[in-house]
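Structure data follow from structure_15.txt (compact mmCIF, C-alpha atoms):
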```txt
# COMPACT_ATOMS: atom_id res chain seq x y z
CA MET H 277 17.72 8.72 11.55
CA ALA H 278 18.90 5.97 9.21
CA SER H 279 18.43 6.38 5.48
CA ILE H 280 16.01 3.82 4.11
CA ASP H 281 16.54 2.45 0.61
CA PHE H 282 12.98 3.00 -0.61
CA GLY H 283 13.72 1.63 -4.09
CA THR H 284 14.84 -1.71 -2.67
CA LEU H 285 11.88 -1.76 -0.31
CA ARG H 286 9.43 -1.19 -3.19
CA ARG H 287 11.03 -4.07 -5.10
CA GLN H 288 10.87 -6.40 -2.08
CA ILE H 289 7.32 -5.72 -0.88
CA GLY H 290 4.51 -5.81 -3.40
CA MET H 291 1.07 -4.26 -3.47
CA GLU H 292 -0.62 -7.58 -2.71
CA ALA H 293 1.28 -7.92 0.59
CA VAL H 294 0.22 -4.40 1.62
CA LEU H 295 -3.41 -4.97 0.63
CA ALA H 296 -3.44 -8.25 2.61
CA LEU H 297 -2.09 -6.49 5.71
CA LEU H 298 -4.82 -3.88 5.37
CA GLY H 299 -7.49 -6.59 5.15
CA PHE H 300 -8.54 -5.39 1.69
CA ALA H 301 -11.30 -7.53 0.17
CA PRO H 302 -11.76 -6.66 -3.50
CA SER H 303 -15.25 -6.48 -4.88
CA GLN H 304 -13.91 -6.84 -8.42
CA ARG H 305 -10.78 -8.40 -9.95
CA ARG H 306 -9.76 -8.09 -13.57
CA GLY H 307 -6.31 -9.39 -14.47
CA GLY H 308 -3.75 -7.56 -12.34
CA GLN H 309 -6.23 -4.90 -11.26
CA VAL H 310 -8.43 -5.05 -8.16
CA ARG H 311 -11.22 -2.69 -7.13
CA GLY H 312 -13.07 -2.28 -3.90
CA PRO H 313 -13.66 -0.08 -0.87
CA CYS H 314 -10.83 2.34 -0.12
CA PRO H 315 -8.66 1.24 2.83
CA ILE H 316 -7.76 4.89 3.46
CA HIS H 317 -11.10 6.67 3.79
CA LYS H 318 -13.07 3.45 4.49
CA PRO H 319 -16.46 4.00 2.85
CA ARG H 320 -19.52 2.55 4.56
CA SER H 321 -20.42 0.27 1.65
CA THR H 322 -18.43 -2.95 1.30
CA HIS H 323 -19.48 -3.00 -2.35
CA SER H 324 -17.74 0.27 -3.19
CA ARG H 325 -15.36 0.18 -6.14
CA SER H 326 -13.87 3.66 -5.76
CA PHE H 327 -10.43 2.22 -4.95
CA SER H 328 -8.35 0.66 -7.71
CA ALA H 329 -4.97 -1.05 -7.35
CA HIS H 330 -2.79 -2.56 -10.02
CA VAL H 331 -0.86 -5.28 -8.22
CA GLU H 332 1.72 -5.84 -10.99
CA ARG H 333 2.57 -2.15 -11.30
CA ASN H 334 2.33 -1.55 -7.53
CA MET H 335 0.15 1.52 -8.01
CA TYR H 336 -3.19 2.55 -6.54
CA HIS H 337 -5.76 5.32 -6.91
CA CYS H 338 -8.96 6.15 -5.05
CA PHE H 339 -11.43 7.99 -7.24
CA CYS H 340 -13.31 9.22 -4.18
CA CYS H 341 -10.67 10.62 -1.78
CA GLY H 342 -8.06 11.24 -4.51
CA SER H 343 -5.24 9.35 -2.81
CA ARG H 344 -2.76 7.72 -5.18
CA GLY H 345 0.75 6.33 -5.28
CA ASN H 346 2.71 3.13 -4.77
CA GLN H 347 2.43 0.41 -2.15
CA LEU H 348 4.52 2.33 0.41
CA ASP H 349 2.39 5.44 -0.08
CA LEU H 350 -0.70 3.30 0.48
CA TRP H 351 0.62 1.88 3.76
CA ALA H 352 1.62 5.37 4.95
CA ALA H 353 -1.80 6.84 4.07
CA ALA H 354 -3.83 3.95 5.50
CA THR H 355 -1.88 3.87 8.77
CA ARG H 356 -1.61 7.68 8.93
CA GLN H 357 2.16 7.70 9.38
CA PRO H 358 4.96 9.67 7.71
CA LEU H 359 6.58 7.65 4.91
CA HIS H 360 9.82 6.95 6.83
CA GLN H 361 7.99 5.57 9.88
CA ALA H 362 5.50 3.70 7.69
CA ALA H 363 8.36 1.94 5.87
CA ILE H 364 9.84 0.79 9.18
CA ASP H 365 6.41 -0.30 10.43
CA LEU H 366 5.69 -2.23 7.23
CA CYS H 367 9.00 -4.10 7.46
CA GLU H 368 8.28 -4.98 11.09
CA LYS H 369 4.79 -6.28 10.22
CA LEU H 370 6.24 -8.46 7.44
CA HIS H 371 9.24 -9.57 9.56
CA ARG H 372 11.77 -8.16 7.10
CA PRO H 373 14.90 -6.13 7.69
CA VAL H 374 14.66 -2.45 6.76
CA PRO H 375 16.91 -1.93 3.70
CA GLN H 376 19.46 0.81 4.36
CA LEU H 377 21.23 3.01 1.84
CA SER H 378 24.93 2.23 1.70
CA ARG H 379 27.21 5.19 2.21
```

Mind converting the file's structure to C-alpha cells?
Amino acid sequence: MASIDFGTLRRQIGMEAVLALLGFAPSQRRGGQVRGPCPIHKPRSTHSRSFSAHVERNMYHCFCCGSRGNQLDLWAAATRQPLHQAAIDLCEKLHRPVPQLSR
C-alpha cells in the first residue's frame, strides 16, 4: 500500500470541493462558515443547521452526531470508507493524482 501525503492532499483539496461533491446545500452562510443538514447522518429536515463547516479553515463539526475533523475526515465519514481509501476515492472523483510521500 502506497503512502499518501495527507498534508499535501489537505492543501490541494479544500472543504468547498468536498461539500460540493457531497451535494451539500447550506441553509445558512456567514462569512467563511456554512451551516446545514449533516451529510454524514443525513437528517430528515433540509432546514437543519446541526452541521457547521468553516471553508477557510477546512474544519467541520456536527452538533447532532458529534462528527468533526477536516475535509478528508468528512469525505471518509460521509462515504463510510477508511481514510486511506477515502483519500484515493476523493482524488479519483476530482481527477487529481494521489500525492505520494517521497522516500

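From atom CA of Met291 of chain H back to atom CA of Asn346 of chain H, the distance works out to 7.7 Å.
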
Compile the contact shell of segment 323-330 of chain H as a short mmCIF file (atom, residue, chain, number, x, y, z; two decimals) with C-alpha atoms, keeping the file's coordinate frame: residues with an atom at most 12 Å away, counting only C-alpha atoms, same-chain residues fewer than 5 positions apart removed.
```cif
data_model
loop_
_atom_site.label_atom_id
_atom_site.label_comp_id
_atom_site.auth_asym_id
_atom_site.auth_seq_id
_atom_site.Cartn_x
_atom_site.Cartn_y
_atom_site.Cartn_z
CA GLY H 290 4.51 -5.81 -3.40
CA MET H 291 1.07 -4.26 -3.47
CA GLU H 292 -0.62 -7.58 -2.71
CA VAL H 294 0.22 -4.40 1.62
CA LEU H 295 -3.41 -4.97 0.63
CA PHE H 300 -8.54 -5.39 1.69
CA ALA H 301 -11.30 -7.53 0.17
CA PRO H 302 -11.76 -6.66 -3.50
CA SER H 303 -15.25 -6.48 -4.88
CA GLN H 304 -13.91 -6.84 -8.42
CA ARG H 305 -10.78 -8.40 -9.95
CA ARG H 306 -9.76 -8.09 -13.57
CA GLY H 307 -6.31 -9.39 -14.47
CA GLY H 308 -3.75 -7.56 -12.34
CA GLN H 309 -6.23 -4.90 -11.26
CA VAL H 310 -8.43 -5.05 -8.16
CA ARG H 311 -11.22 -2.69 -7.13
CA GLY H 312 -13.07 -2.28 -3.90
CA PRO H 313 -13.66 -0.08 -0.87
CA CYS H 314 -10.83 2.34 -0.12
CA PRO H 315 -8.66 1.24 2.83
CA ILE H 316 -7.76 4.89 3.46
CA HIS H 317 -11.10 6.67 3.79
CA LYS H 318 -13.07 3.45 4.49
CA MET H 335 0.15 1.52 -8.01
CA TYR H 336 -3.19 2.55 -6.54
CA HIS H 337 -5.76 5.32 -6.91
CA CYS H 338 -8.96 6.15 -5.05
CA PHE H 339 -11.43 7.99 -7.24
CA CYS H 340 -13.31 9.22 -4.18
CA CYS H 341 -10.67 10.62 -1.78
CA GLY H 342 -8.06 11.24 -4.51
CA SER H 343 -5.24 9.35 -2.81
CA ARG H 344 -2.76 7.72 -5.18
CA GLY H 345 0.75 6.33 -5.28
CA ASN H 346 2.71 3.13 -4.77
CA GLN H 347 2.43 0.41 -2.15
CA LEU H 350 -0.70 3.30 0.48
#
```

What is the distance between atom CA of His360 of chain H and atom CA of Glu332 of chain H, in Å to one decimal?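 Taking atom CA of His360 of chain H as the start and atom CA of Glu332 of chain H as the end point, the length is 23.4 Å.
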
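The two atoms in question, atom CA of Ala353 of chain H and atom CA of Pro319 of chain H, are spaced 15.0 Å apart.
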
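Each of H:Ser279, H:Arg287, H:Leu377, H:Leu348 was compared to Ala362 of chain H using all atoms listed in the file, and H:Leu348 turns out to be the nearest.
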
Would you pick out the contacts of Cys367 of chain H at 9 Å or less, using all atoms listed in the file, so that residues sharing its chain but fewer than 5 positions from it are not included, and give the list as a list in words?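 Here the answer would be Leu285, Ile289, Ala362, Arg372, Pro373 and Val374 of chain H.
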
Given all atoms listed in the file as the basis, pick out the residue of H:Ala363, H:Val331, H:Ala293, H:Gln288 nearest to Asp349 of chain H.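 Among the listed residues, H:Ala363 lies closest to Asp349 of chain H.
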